[in-house]
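Everything below concerns the one structure shown next.
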Number of protein chains: 2
Amino acid sequence: MHRCREGFVAIIAEWVAVDWGTSNLRAWGLDSGGAVVFENTSPKGMGKLQREEFPTALAEVLAGVSAANDGALDVLICGMAGARQGWLEAPYLEAPTDLSGLIAGAVRPAMPDGRFVPAILPGVCQKNGNDNVMRGEETQLLGLASLRPGFSGVVCMPGTHSKWAQLSGTKIDHFSTAITGEMFEVLRTHSVLRHSLAGDLDGPARADGFAAGAAAGLERPEQLLGQLFQVRAGSLLSGRTPDWCAGFLSGLLIGTEIGSNRHLIGEAPVPLIGSAPLCALYAQVLGMIGAKGETQDATEVVLAGLKAARGFAA
Amino acid sequence: MHRCREGFVAIIAEWVAVDWGTSNLRAWGLDSGGAVVFENTSPKGMGKLQREEFPTALAEVLAGVSAANDGALDVLICGMAGARQGWLEAPYLEAPTDLSGLIAGAVRPAMPDGRFVPAILPGVCQKNGNDNVMRGEETQLLGLASLRPGFSGVVCMPGTHSKWAQLSGTKIDHFSTAITGEMFEVLRTHSVLRHSLAGDLDGPARADGFAAGAAAGLERPEQLLGQLFQVRAGSLLSGRTPDWCAGFLSGLLIGTEIGSNRHLIGEAPVPLIGSAPLCALYAQVLGMIGAKGETQDATEVVLAGLKAARGFAA
């Protein structure tokens, strides 16, 4: 695998896989066998780009990459580049749907020259009174299905907006979104709880606070609006330190999220797709109800999904 | 009843009742029979004052008010003036407690001259793993008990931080705080939901959105983190307008709050103490589960509470 730097010889790839999120852009060049021959990242996420800036951002991240025999290089993209505010809107497939059909819904934005031929995969939506949307996660789910053929069950994708999806092979039956990560941030920054969260949030009491909050959320997920105020009351009455309060808030939110999805969790381990430290917290809370979380490598999963969308087996 | 203006003759009062909140300060002069002879308000709430500015703020709002025979005038204060960041901290009574004992916990801040003799009533806290605090609401609860002798049941006090208290006569057994009003504000202003809430929030679809959100919250209070995202998905997928989304968010939060307190609600109407428009929304949602809300006049209740704390019957 090569990272592209000035002075390197050109990299020859068969096609390029791109995960284009809100904050970042990540690209892999693949050979005809599906091996990664090139990898590059850029901070030019969808959220930072005007529509007309996408072609240049893509060309930059792929500088030095060429197709064999100087032909055009297919670039398969998943994620927020296909949002309404992105490069070109890729309409949603509606769940329940088979994710192996993602490629049929791809849209093809124009490039100023013919060197790259980009296609953006669609997201998945859900309607009938249970409105929901995902963009990017559907490709990770297809990747998981590809890496673990025959898997059936709930998949948890922790993050700013956590997704819980019910997967049967490559079919997504139903999904929901919990705004857990964003809730932590807005409460920490803008609510009355900020007074209890001013200081070192990563001190030694954080783990205890996390365990207490997770237990409270798991036990009474319907009491979130009430239990949140206990962060403030705990610092006023019981001298709880900022690190304990931050742990409690984090645990309470994750415990509430997992508690509200408890009916979906069976005997089998729950695949967790997300950042490794966050997945570890989710696995800890799953353990508190006798369930098991199994962290998946997020990069491996998205790459497997882009390969599967293009028709490669994992 | 007189409002104090320059050029008026001095008002003679037996004592003064003050509700000193975070945002405002409200004062009533009372005669020996408990009738209001003077009323004044000031924007100098606790949140805007340094400790040393409280005496002047009080003297300003009471300009023109004197005791009979030029003696010192007792001023009985409830609310956030007694907070740690307020004028002088009034330690909490711990629930369960009899609110008729509030006066015994009052603290007496100093005034630069002897014209006024202020006393600040304590708040109420709750410990033993269920940490909670109130300041000001305890006086309203005492007022309700005074206006409705023999009342026993749950009382709902909607607001930025809604309180639900179980009252038996003048005894408060247990209470909780839901950060419902603040949650609406931080999500409207700082979360991804703000994109769905940009525009006219008071349009004609608000009522429909409110009813839909309230039904969703009542039915599944444990799903708040998930149902919040439906505000965003509803505007992306179903063309929901900002007024509908604002109504849905408001209804969802109030429905979730009421749904999570459903086990406390009996056959008798639930007294609602708060702003009249907000109490009307709570009464509407209570009606959706076959319960009844009974809006109390918040001013009447706090004044009755200050009178009762001083030993007057309502």
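Following the order of the structure tokens, chains are lettered A, B, ..., residues in each are numbered from 1, and ligands are numbered from 1.
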Tell me, which residues of region 23-201 of chain A carry DSSP strand (DSSP E), written as a PyMOL selection string? chain A and resi 25-30+36-42+65-67+73-79+93-94+97-98+116-120+124-126+132-134+152-157+162-168+171-178
Apply DSSP to the backbone of this structure and, from region 97-276 of chain A, keep only the residues in alpha helix (DSSP H); write these as a ChimeraX atom specification. /A:137-147,180-190,206-219,224-237,242-260,276
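With only C-alpha atoms as the basis for measurement, A:Leu236 is the residue among A:Leu278, A:Ala13, A:Leu236, A:Val124 that approaches Pro91 (chain B) most closely.
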As a PyMOL selection string, could you give me every residue of chain A near chain B (at most 6 Å apart, counting only C-alpha atoms)? chain A and resi 131-132+177-179+221-223+225-226+230+233-234+260
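For Asp19 (chain A), the residues within 8 Å (counting only C-alpha atoms, excluding itself and residues fewer than 5 positions away along the chain) are A:Leu25, A:Arg26, A:Ala27, A:Ile77, A:Cys78, A:Gly79, A:Gly136, A:Val302.
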Any chance you could export the current selection's C-alpha atoms as a CSV table (one decimal), in the first residue's frame?
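Below is the file that was written, selection.csv:
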```csv
chain,number,residue,atom,x,y,z
A,25,LEU,CA,-12.8,12.2,2.9
A,26,ARG,CA,-11.0,8.9,2.7
A,27,ALA,CA,-9.9,7.2,-0.5
A,77,ILE,CA,-18.3,7.0,-3.2
A,78,CYS,CA,-20.5,6.5,-0.2
A,79,GLY,CA,-21.6,8.9,2.5
A,136,GLY,CA,-22.8,6.0,4.7
A,302,VAL,CA,-16.7,0.4,4.9
```
Shell of 10 Å around Pro55 (chain A), only C-alpha atoms, local chain residues under 3 positions omitted, as a PyMOL selection string: chain A and resi 51-52+58-60+87+109-113+116+118
Near Asp208 (chain A), within 9 Å and counting only C-alpha atoms, which residues show up once chain neighbours fewer than 3 positions away are dropped, as a PDB file with C-alpha atoms, in the first residue's frame?
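So result-v1.pdb came out as:
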```pdb
ATOM      1  CA  PRO A 204     -10.182   9.408  37.873  1.00  0.00           C
ATOM      2  CA  ALA A 205     -13.862   9.658  38.917  1.00  0.00           C
ATOM      3  CA  ALA A 211     -20.993   3.145  35.562  1.00  0.00           C
ATOM      4  CA  ALA A 212     -23.554   4.928  37.771  1.00  0.00           C
ATOM      5  CA  GLY A 213     -25.057   6.807  34.820  1.00  0.00           C
ATOM      6  CA  TRP A 244     -17.711  12.156  37.672  1.00  0.00           C
ATOM      7  CA  GLY A 247     -18.916  10.148  33.130  1.00  0.00           C
ATOM      8  CA  PHE A 248     -22.434  10.076  34.567  1.00  0.00           C
TER       9      PHE A 248
END
```
Using only C-alpha atoms, determine which residues lie at most 10 Å from Ala308 (chain B), disregarding the query and same-chain residues fewer than 5 positions distant; provide the list as a PDB file with C-alpha atoms, in the first residue's frame.
```pdb
ATOM      1  CA  LEU B  99     -43.284  22.917  54.280  1.00  0.00           C
ATOM      2  CA  SER B 100     -45.010  24.724  57.129  1.00  0.00           C
ATOM      3  CA  LEU B 102     -39.969  26.746  55.925  1.00  0.00           C
ATOM      4  CA  ILE B 103     -39.707  29.907  58.012  1.00  0.00           C
ATOM      5  CA  THR B 139     -43.183  28.138  48.490  1.00  0.00           C
ATOM      6  CA  LEU B 142     -47.000  25.546  50.441  1.00  0.00           C
ATOM      7  CA  GLY B 143     -49.310  28.095  48.817  1.00  0.00           C
ATOM      8  CA  LEU B 144     -51.239  25.379  47.015  1.00  0.00           C
ATOM      9  CA  ALA B 145     -51.578  23.447  50.264  1.00  0.00           C
ATOM     10  CA  SER B 146     -52.841  26.618  51.903  1.00  0.00           C
ATOM     11  CA  LEU B 147     -55.373  27.369  49.145  1.00  0.00           C
ATOM     12  CA  VAL B 302     -46.702  32.046  45.408  1.00  0.00           C
ATOM     13  CA  LEU B 303     -48.325  34.856  47.360  1.00  0.00           C
ATOM     14  CA  ALA B 313     -54.042  31.249  56.563  1.00  0.00           C
ATOM     15  CA  ALA B 314     -54.939  31.697  52.890  1.00  0.00           C
TER      16      ALA B 314
END
```
